[in-house]
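> For reference, the structure I am asking about is given below.
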Amino acid sequence: MLINRLIIIVCLLAISSGCSQQSILTNDSKVEKLTNTENTEIEFWHTYSDQETRILEDILIPAFEEAYPAIHVVPVRQSNNMEMKYTLISKASSNRAPDVVRMDIVWVPEFSQSGLLLPLSEYDDFGKITQSLQSNTGSAGYYKGSYYSLPVNMNTKIAIFNRALLEQAGLSMPPGTFQEVIDLAKKHRFMIGIGGLESWKSLPYIYALGGRMTDDSYSKASGYLNGEATIKAVEQLLLLYKEQLIDRTVINGGGDNWEGVKSGKILVTDDGPWFYSVFQGEELERAINTTIAVPFPPDFGPASILGGEDLVIMKGSKNPLQAWTFMKWMVNTQSQIAMSQTGIIPTNLEAKEIKAQGESFIHPYTEALDHTFLRPPVKRYSRIDATYIKYMTKIFQEELSVKQGLTEAAAEIDRLLKQ
């Protein structure tokens with residue numbers, strides 16, 4: 001069984017003399033005891049996959065409840081969609097929200113800046129806990145001097161090349177800059193597999209070419225989104241699109257770039273670790289042997305986009321201390337090792353290193369995660385992304401020139417940033 005196999009894996013990785021659920025997951029520190037021994041119940045909303053949910057419900061929660069018998073965790077699986085977001089906003093606004101939520105990092109700023117989350121940095125041990133986590137993952141939860149989220153897993157996207165097409169061009173490794181990648185594609189008529197025009201899918205290419213969406217403080221888009229470097233980057237991508245070296249479906253979300261790269265129809269695409277982790281056995285071996293994965297070149301600064309999920313305590317939680325205790329459990333080394341067997345990249349540094357050593361295809365992702373940029377962590381990010389998509393679509397449909405489209409987009413995004 002999967003769970004039995006994972007328990008064995010975690011036991012082998014853990015520095016522990018025993019292999020009960022408690023010893024698996026608490027070997028790196030003494031189990032703290034709550035002063036309040038009264039039985040309490042906390043509700044935990046999450047969007048874990050089937051496999052991840054089995055680890056959560058069969059390993060992590062039972063072990064936590066064994067260590068903390070007075071706390072009962074009620075997991076509630078949700079679909080990661082806008083309906084969940086608006087339900088949480090409604091419930092938190094009326095103090096009826098679940099205690100703990102695992103949410104996408106792009107949601108965290110909207111919730112924290114709307115007063116719907118409880119600050120975590122007020123807990124005495126917050127600093128100690130975050131020292132064990134990847135340092136650049138907590139930025140989404142920072143607002144006006146306080147931190148409102150605890151990063152529980154992270155991801156990014158890297159450039160995945162077809163090995164045979166590189167060899168056909170006389171290369172054993174991908175070019176060192178993304179400008180050279182574009183030149184290579186134009187010279188040999190190789191396709192580039194951009195999956196869509198939304199920021200998550202297109203910004204890594206733009207950043208790798210020197211462009212930017214906003215300034216470093218996320219307060220201004222004008223001069224950055226319509227800056228000379230961004231205009232040049234988008235012009236190059238548009239030219240590839242016109243020359244049919246970027247699939248025409250990019251406007252509608254792109255084609256099957258996974259299979260395109262593996263089959264040799266596409267030189268390069270971008271994707272997260274799930275490009276590999278969804279496969280097993282011969283399929284995984286085929287994916288690894290036919291591709292070369294590298295971080296987006298950080299020639300102009302970070303070019304790998306940061307994604308992932310954070311844990312938060314919702315406004316109105318009846319048991320915030322117990323919620324905080326559970327959150328800390330979810331980011332300890334052995335909990336993160338257990339969940340990482342599903343393909344998730346841990347935020348816990350020790351667990352991340354073990355993950356990278358255990359699966360060769362993870363290493364480029366862990367390397368890229370040291371050089372990431374964050375989508376603007378602002379309250380109105382969803383509207384900013386919608387604005388970005390609208391004008392990028394107009395540009396690729398040639399309704400607006402690149403300069404005009406990006407200038408109008410920047411002005412509109414500036415207004416949203418000021419609200």
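Letters A, B, ... go to the chains of the structure tokens in the order shown; residues in each chain start at 1; ligands are counted from 1 in the same order.
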Excluding Leu120 (chain A) and its own-chain neighbours fewer than 3 positions away, which residues fall within 12 Å of it when counting only C-alpha atoms? Please give them as an mmCIF file with all heavy atoms, in the first residue's frame.


data_model
loop_
_atom_site.group_PDB
_atom_site.id
_atom_site.type_symbol
_atom_site.label_atom_id
_atom_site.label_comp_id
_atom_site.auth_asym_id
_atom_site.auth_seq_id
_atom_site.Cartn_x
_atom_site.Cartn_y
_atom_site.Cartn_z
ATOM 1 N N VAL A 100 -7.881 26.962 10.231
ATOM 2 C CA VAL A 100 -6.664 26.954 9.411
ATOM 3 C C VAL A 100 -7.040 26.705 7.962
ATOM 4 O O VAL A 100 -7.905 25.872 7.675
ATOM 5 C CB VAL A 100 -5.670 25.861 9.881
ATOM 6 C CG1 VAL A 100 -4.392 25.896 9.044
ATOM 7 C CG2 VAL A 100 -5.346 26.027 11.358
ATOM 8 N N SER A 112 -5.015 39.088 3.916
ATOM 9 C CA SER A 112 -4.356 39.789 5.025
ATOM 10 C C SER A 112 -4.654 41.278 4.986
ATOM 11 O O SER A 112 -4.935 41.895 6.028
ATOM 12 C CB SER A 112 -2.847 39.541 4.982
ATOM 13 O OG SER A 112 -2.270 40.062 3.796
ATOM 14 N N LEU A 117 -7.253 37.749 8.186
ATOM 15 C CA LEU A 117 -6.316 36.782 8.757
ATOM 16 C C LEU A 117 -5.767 37.305 10.084
ATOM 17 O O LEU A 117 -5.690 38.513 10.306
ATOM 18 C CB LEU A 117 -5.148 36.529 7.798
ATOM 19 C CG LEU A 117 -5.481 36.052 6.387
ATOM 20 C CD1 LEU A 117 -4.193 35.881 5.586
ATOM 21 C CD2 LEU A 117 -6.276 34.765 6.407
ATOM 22 N N TYR A 123 3.315 35.491 17.656
ATOM 23 C CA TYR A 123 3.670 34.335 18.485
ATOM 24 C C TYR A 123 5.174 34.376 18.782
ATOM 25 O O TYR A 123 5.982 34.660 17.892
ATOM 26 C CB TYR A 123 3.304 33.033 17.776
ATOM 27 C CG TYR A 123 1.816 32.803 17.704
ATOM 28 C CD1 TYR A 123 1.119 32.995 16.516
ATOM 29 C CD2 TYR A 123 1.093 32.407 18.822
ATOM 30 C CE1 TYR A 123 -0.255 32.795 16.438
ATOM 31 C CE2 TYR A 123 -0.282 32.200 18.757
ATOM 32 C CZ TYR A 123 -0.945 32.397 17.571
ATOM 33 O OH TYR A 123 -2.309 32.210 17.506
ATOM 34 N N ASP A 124 5.542 34.076 20.015
ATOM 35 C CA ASP A 124 6.935 34.198 20.449
ATOM 36 C C ASP A 124 7.887 33.335 19.633
ATOM 37 O O ASP A 124 9.049 33.697 19.432
ATOM 38 C CB ASP A 124 7.056 33.826 21.933
ATOM 39 C CG ASP A 124 6.381 34.838 22.843
ATOM 40 O OD1 ASP A 124 6.165 35.976 22.386
ATOM 41 O OD2 ASP A 124 6.079 34.485 23.998
ATOM 42 N N ASP A 125 7.420 32.188 19.182
ATOM 43 C CA ASP A 125 8.311 31.264 18.468
ATOM 44 C C ASP A 125 8.207 31.386 16.953
ATOM 45 O O ASP A 125 8.751 30.555 16.226
ATOM 46 C CB ASP A 125 8.033 29.820 18.897
ATOM 47 C CG ASP A 125 6.567 29.427 18.723
ATOM 48 O OD1 ASP A 125 5.740 30.311 18.411
ATOM 49 O OD2 ASP A 125 6.254 28.233 18.913
ATOM 50 N N PHE A 126 7.536 32.428 16.452
ATOM 51 C CA PHE A 126 7.393 32.583 14.997
ATOM 52 C C PHE A 126 8.759 32.673 14.317
ATOM 53 O O PHE A 126 9.011 32.015 13.309
ATOM 54 C CB PHE A 126 6.564 33.827 14.674
ATOM 55 C CG PHE A 126 6.428 34.093 13.193
ATOM 56 C CD1 PHE A 126 5.499 33.416 12.432
ATOM 57 C CD2 PHE A 126 7.257 35.020 12.564
ATOM 58 C CE1 PHE A 126 5.383 33.654 11.067
ATOM 59 C CE2 PHE A 126 7.155 35.265 11.197
ATOM 60 C CZ PHE A 126 6.209 34.576 10.453
ATOM 61 N N GLY A 127 9.653 33.499 14.874
ATOM 62 C CA GLY A 127 10.973 33.654 14.275
ATOM 63 C C GLY A 127 11.756 32.367 14.238
ATOM 64 O O GLY A 127 12.415 32.047 13.243
ATOM 65 N N ILE A 129 10.547 29.324 14.144
ATOM 66 C CA ILE A 129 9.945 28.417 13.162
ATOM 67 C C ILE A 129 10.355 28.816 11.754
ATOM 68 O O ILE A 129 10.748 27.970 10.935
ATOM 69 C CB ILE A 129 8.411 28.419 13.296
ATOM 70 C CG1 ILE A 129 7.976 27.858 14.660
ATOM 71 C CG2 ILE A 129 7.767 27.618 12.165
ATOM 72 C CD1 ILE A 129 8.426 26.452 14.921
ATOM 73 N N THR A 130 10.295 30.095 11.432
ATOM 74 C CA THR A 130 10.578 30.526 10.057
ATOM 75 C C THR A 130 12.055 30.415 9.711
ATOM 76 O O THR A 130 12.403 30.377 8.527
ATOM 77 C CB THR A 130 10.086 31.965 9.833
ATOM 78 O OG1 THR A 130 10.662 32.828 10.829
ATOM 79 C CG2 THR A 130 8.569 32.035 9.924
ATOM 80 N N GLY A 138 8.219 33.614 2.458
ATOM 81 C CA GLY A 138 7.263 34.258 3.346
ATOM 82 C C GLY A 138 6.811 35.635 2.915
ATOM 83 O O GLY A 138 5.986 36.257 3.580
ATOM 84 N N GLY A 141 3.089 36.817 2.687
ATOM 85 C CA GLY A 141 2.322 36.998 3.903
ATOM 86 C C GLY A 141 2.702 38.225 4.709
ATOM 87 O O GLY A 141 2.153 38.434 5.798
ATOM 88 N N TYR A 142 3.604 39.057 4.202
ATOM 89 C CA TYR A 142 4.057 40.231 4.947
ATOM 90 C C TYR A 142 3.195 41.443 4.619
ATOM 91 O O TYR A 142 2.941 41.752 3.454
ATOM 92 C CB TYR A 142 5.516 40.533 4.612
ATOM 93 C CG TYR A 142 6.068 41.714 5.387
ATOM 94 C CD1 TYR A 142 6.443 41.570 6.719
ATOM 95 C CD2 TYR A 142 6.194 42.957 4.783
ATOM 96 C CE1 TYR A 142 6.943 42.650 7.442
ATOM 97 C CE2 TYR A 142 6.694 44.045 5.493
ATOM 98 C CZ TYR A 142 7.061 43.878 6.820
ATOM 99 O OH TYR A 142 7.535 44.953 7.524
ATOM 100 N N TYR A 143 2.744 42.132 5.666
ATOM 101 C CA TYR A 143 1.931 43.330 5.442
ATOM 102 C C TYR A 143 2.034 44.238 6.662
ATOM 103 O O TYR A 143 1.699 43.838 7.778
ATOM 104 C CB TYR A 143 0.475 42.952 5.185
ATOM 105 C CG TYR A 143 -0.454 44.127 5.003
ATOM 106 C CD1 TYR A 143 -0.252 45.035 3.966
ATOM 107 C CD2 TYR A 143 -1.534 44.326 5.854
ATOM 108 C CE1 TYR A 143 -1.094 46.113 3.785
ATOM 109 C CE2 TYR A 143 -2.396 45.398 5.672
ATOM 110 C CZ TYR A 143 -2.165 46.288 4.638
ATOM 111 O OH TYR A 143 -3.018 47.371 4.459
ATOM 112 N N GLY A 145 4.426 45.350 8.632
ATOM 113 C CA GLY A 145 5.196 44.973 9.797
ATOM 114 C C GLY A 145 4.844 43.649 10.436
ATOM 115 O O GLY A 145 5.487 43.239 11.410
ATOM 116 N N SER A 146 3.867 42.944 9.900
ATOM 117 C CA SER A 146 3.466 41.646 10.460
ATOM 118 C C SER A 146 3.425 40.586 9.365
ATOM 119 O O SER A 146 3.266 40.902 8.180
ATOM 120 C CB SER A 146 2.093 41.740 11.130
ATOM 121 O OG SER A 146 2.120 42.604 12.244
ATOM 122 N N TYR A 147 3.576 39.319 9.782
ATOM 123 C CA TYR A 147 3.457 38.188 8.861
ATOM 124 C C TYR A 147 2.160 37.451 9.162
ATOM 125 O O TYR A 147 1.843 37.166 10.316
ATOM 126 C CB TYR A 147 4.647 37.245 9.004
ATOM 127 C CG TYR A 147 5.921 37.789 8.412
ATOM 128 C CD1 TYR A 147 6.791 38.550 9.174
ATOM 129 C CD2 TYR A 147 6.245 37.549 7.074
ATOM 130 C CE1 TYR A 147 7.967 39.060 8.635
ATOM 131 C CE2 TYR A 147 7.413 38.051 6.531
ATOM 132 C CZ TYR A 147 8.270 38.808 7.307
ATOM 133 O OH TYR A 147 9.430 39.322 6.763
ATOM 134 N N TYR A 148 1.438 37.129 8.090
ATOM 135 C CA TYR A 148 0.116 36.532 8.236
ATOM 136 C C TYR A 148 0.021 35.116 7.695
ATOM 137 O O TYR A 148 -1.062 34.537 7.691
ATOM 138 C CB TYR A 148 -0.928 37.410 7.525
ATOM 139 C CG TYR A 148 -1.178 38.722 8.231
ATOM 140 C CD1 TYR A 148 -0.340 39.817 8.028
ATOM 141 C CD2 TYR A 148 -2.241 38.863 9.109
ATOM 142 C CE1 TYR A 148 -0.556 41.021 8.677
ATOM 143 C CE2 TYR A 148 -2.477 40.066 9.769
ATOM 144 C CZ TYR A 148 -1.633 41.141 9.557
ATOM 145 O OH TYR A 148 -1.856 42.323 10.213
ATOM 146 N N SER A 149 1.121 34.554 7.244
ATOM 147 C CA SER A 149 1.056 33.202 6.678
ATOM 148 C C SER A 149 2.336 32.450 6.956
ATOM 149 O O SER A 149 3.389 33.044 7.219
ATOM 150 C CB SER A 149 0.785 33.249 5.169
ATOM 151 O OG SER A 149 1.884 33.828 4.475
ATOM 152 N N LEU A 150 2.240 31.122 6.877
ATOM 153 C CA LEU A 150 3.371 30.231 7.082
ATOM 154 C C LEU A 150 3.492 29.354 5.837
ATOM 155 O O LEU A 150 2.606 28.536 5.563
ATOM 156 C CB LEU A 150 3.137 29.372 8.321
ATOM 157 C CG LEU A 150 4.358 28.632 8.902
ATOM 158 C CD1 LEU A 150 5.381 29.631 9.425
ATOM 159 C CD2 LEU A 150 3.917 27.698 10.025
ATOM 160 N N PRO A 151 4.547 29.507 5.038
ATOM 161 C CA PRO A 151 4.681 28.731 3.807
ATOM 162 C C PRO A 151 4.789 27.233 4.101
ATOM 163 O O PRO A 151 5.652 26.813 4.872
ATOM 164 C CB PRO A 151 5.978 29.257 3.193
ATOM 165 C CG PRO A 151 6.206 30.581 3.846
ATOM 166 C CD PRO A 151 5.663 30.451 5.226
ATOM 167 N N LEU A 311 -0.091 28.359 4.901
ATOM 168 C CA LEU A 311 -1.073 28.119 5.951
ATOM 169 C C LEU A 311 -1.401 29.439 6.629
ATOM 170 O O LEU A 311 -0.509 30.241 6.911
ATOM 171 C CB LEU A 311 -0.529 27.130 6.985
ATOM 172 C CG LEU A 311 -0.211 25.714 6.492
ATOM 173 C CD1 LEU A 311 0.438 24.910 7.609
ATOM 174 C CD2 LEU A 311 -1.469 25.012 5.989
ATOM 175 N N VAL A 312 -2.686 29.671 6.902
ATOM 176 C CA VAL A 312 -3.126 30.903 7.554
ATOM 177 C C VAL A 312 -4.144 30.561 8.634
ATOM 178 O O VAL A 312 -4.812 29.522 8.572
ATOM 179 C CB VAL A 312 -3.752 31.891 6.548
ATOM 180 C CG1 VAL A 312 -2.749 32.292 5.475
ATOM 181 C CG2 VAL A 312 -5.005 31.290 5.898
ATOM 182 N N ILE A 313 -4.253 31.451 9.619
ATOM 183 C CA ILE A 313 -5.313 31.355 10.620
ATOM 184 C C ILE A 313 -6.345 32.424 10.288
ATOM 185 O O ILE A 313 -6.018 33.611 10.207
ATOM 186 C CB ILE A 313 -4.777 31.567 12.047
ATOM 187 C CG1 ILE A 313 -3.722 30.517 12.378
ATOM 188 C CG2 ILE A 313 -5.920 31.492 13.069
ATOM 189 C CD1 ILE A 313 -3.097 30.683 13.760
ATOM 190 N N MET A 314 -7.576 32.004 10.092
ATOM 191 C CA MET A 314 -8.614 32.916 9.658
ATOM 192 C C MET A 314 -9.141 33.766 10.814
ATOM 193 O O MET A 314 -9.150 33.339 11.972
ATOM 194 C CB MET A 314 -9.776 32.142 9.042
ATOM 195 C CG MET A 314 -9.395 31.271 7.844
ATOM 196 S SD MET A 314 -8.772 32.215 6.425
ATOM 197 C CE MET A 314 -10.222 33.194 5.998
ATOM 198 N N LYS A 315 -9.564 34.949 10.475
ATOM 199 C CA LYS A 315 -10.243 35.807 11.438
ATOM 200 C C LYS A 315 -11.455 35.070 12.006
ATOM 201 O O LYS A 315 -12.208 34.439 11.263
ATOM 202 C CB LYS A 315 -10.691 37.090 10.748
ATOM 203 C CG LYS A 315 -11.561 38.002 11.602
ATOM 204 C CD LYS A 315 -12.150 39.110 10.750
ATOM 205 C CE LYS A 315 -13.153 39.929 11.549
ATOM 206 N NZ LYS A 315 -13.856 40.921 10.709
ATOM 207 N N PRO A 320 -7.097 29.834 18.107
ATOM 208 C CA PRO A 320 -5.907 30.212 17.337
ATOM 209 C C PRO A 320 -4.619 29.581 17.844
ATOM 210 O O PRO A 320 -3.734 29.270 17.049
ATOM 211 C CB PRO A 320 -5.881 31.745 17.464
ATOM 212 C CG PRO A 320 -6.689 32.051 18.688
ATOM 213 C CD PRO A 320 -7.752 30.993 18.740
ATOM 214 N N LEU A 321 -4.472 29.393 19.151
ATOM 215 C CA LEU A 321 -3.250 28.782 19.670
ATOM 216 C C LEU A 321 -3.123 27.338 19.197
ATOM 217 O O LEU A 321 -2.049 26.894 18.777
ATOM 218 C CB LEU A 321 -3.238 28.829 21.195
ATOM 219 C CG LEU A 321 -2.022 28.160 21.868
ATOM 220 C CD1 LEU A 321 -0.718 28.797 21.393
ATOM 221 C CD2 LEU A 321 -2.145 28.228 23.389
ATOM 222 N N ALA A 323 -4.559 26.170 16.532
ATOM 223 C CA ALA A 323 -4.343 26.265 15.090
ATOM 224 C C ALA A 323 -2.864 26.502 14.782
ATOM 225 O O ALA A 323 -2.296 25.882 13.877
ATOM 226 C CB ALA A 323 -5.198 27.387 14.505
ATOM 227 N N TRP A 324 -2.232 27.391 15.544
ATOM 228 C CA TRP A 324 -0.809 27.678 15.361
ATOM 229 C C TRP A 324 0.036 26.435 15.647
ATOM 230 O O TRP A 324 0.999 26.144 14.939
ATOM 231 C CB TRP A 324 -0.411 28.835 16.253
ATOM 232 C CG TRP A 324 1.058 29.137 16.325
ATOM 233 C CD1 TRP A 324 1.844 29.137 17.427
ATOM 234 C CD2 TRP A 324 1.924 29.512 15.239
ATOM 235 N NE1 TRP A 324 3.143 29.467 17.121
ATOM 236 C CE2 TRP A 324 3.221 29.702 15.780
ATOM 237 C CE3 TRP A 324 1.729 29.678 13.876
ATOM 238 C CZ2 TRP A 324 4.310 30.068 14.997
ATOM 239 C CZ3 TRP A 324 2.824 30.035 13.086
ATOM 240 C CH2 TRP A 324 4.090 30.232 13.635
ATOM 241 N N THR A 325 -0.339 25.679 16.663
ATOM 242 C CA THR A 325 0.381 24.450 17.004
ATOM 243 C C THR A 325 0.315 23.457 15.844
ATOM 244 O O THR A 325 1.315 22.831 15.486
ATOM 245 C CB THR A 325 -0.214 23.823 18.278
ATOM 246 O OG1 THR A 325 -0.142 24.769 19.345
ATOM 247 C CG2 THR A 325 0.537 22.558 18.676
ATOM 248 N N MET A 327 -0.186 24.208 12.648
ATOM 249 C CA MET A 327 0.566 24.767 11.525
ATOM 250 C C MET A 327 2.057 24.484 11.674
ATOM 251 O O MET A 327 2.735 24.118 10.701
ATOM 252 C CB MET A 327 0.306 26.267 11.411
ATOM 253 C CG MET A 327 -1.106 26.594 10.931
ATOM 254 S SD MET A 327 -1.569 28.320 11.166
ATOM 255 C CE MET A 327 -0.390 29.150 10.129
ATOM 256 N N LYS A 328 2.571 24.640 12.900
ATOM 257 C CA LYS A 328 3.986 24.361 13.137
ATOM 258 C C LYS A 328 4.300 22.889 12.870
ATOM 259 O O LYS A 328 5.368 22.547 12.356
ATOM 260 C CB LYS A 328 4.366 24.743 14.569
ATOM 261 C CG LYS A 328 4.363 26.233 14.837
ATOM 262 C CD LYS A 328 4.881 26.559 16.222
ATOM 263 C CE LYS A 328 3.936 26.088 17.308
ATOM 264 N NZ LYS A 328 4.428 26.463 18.659
#

> Residues within 12 Å of Ala411 (chain A), please, as a list in words. Count only C-alpha atoms; anything in the same chain fewer than 3 positions from it doesn't count.

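In the requested format, the answer is Met213, Thr214, Ser219, Lys220, Ala221, Ser222, Gly223, Tyr224, Leu225, Asn226, Ile384, Thr387, Tyr388, Tyr391, Gln404, Gly405, Leu406, Thr407, Glu408, Asp414, Arg415, Leu416, Leu417 and Lys418 of chain A.
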
> Applying 9 Å and only C-alpha atoms, which residues near Ile266 (chain A) remain after dropping the ones on its own chain fewer than 4 positions away? List them as a list of chain:residue names.

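In the requested form, the answer reads A:Phe161, A:Asn162, A:Leu165, A:Phe190, A:Met191, A:Ile192, A:Gly193, A:Leu245, A:Asn257, A:Glu259, A:Gly260, A:Val261, A:Lys262.
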
> Can those selected residues be exported to a file as a JSON list (two decimals), in the first residue's frame so that it contains C-alpha atoms?


[["chain", "number", "residue", "atom", "x", "y", "z"],
["A", 161, "PHE", "CA", 14.26, 21.49, -23.23],
["A", 162, "ASN", "CA", 14.03, 18.63, -25.69],
["A", 165, "LEU", "CA", 16.58, 19.13, -30.69],
["A", 190, "PHE", "CA", 12.07, 25.30, -33.36],
["A", 191, "MET", "CA", 8.83, 25.88, -31.42],
["A", 192, "ILE", "CA", 8.73, 27.53, -27.98],
["A", 193, "GLY", "CA", 5.93, 26.21, -25.78],
["A", 245, "LEU", "CA", 7.19, 29.47, -33.51],
["A", 257, "ASN", "CA", 3.40, 21.39, -24.38],
["A", 259, "GLU", "CA", 4.00, 15.91, -25.01],
["A", 260, "GLY", "CA", 5.34, 18.43, -27.50],
["A", 261, "VAL", "CA", 8.67, 18.68, -25.70],
["A", 262, "LYS", "CA", 8.97, 14.95, -25.05]]

> Looking at A:Thr87, A:Ser335, A:Gln419, A:Asn252, which one is nearest to Pro62 (chain A), with distances taken over only C-alpha atoms?

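Result for the nearest residue to Pro62 (chain A): A:Ser335.
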
> Distance CA of Ala185 (chain A)-CA of Val278 (chain A), one decimal place?

28.1 Å

> When DSSP is applied to the backbone of this structure, which of region 271-376 of chain A are assigned strand (DSSP E or B)? Write them out as a PyMOL selection string.

chain A and resi 271+291-294+299+301+304-314+345-346+348+372-373
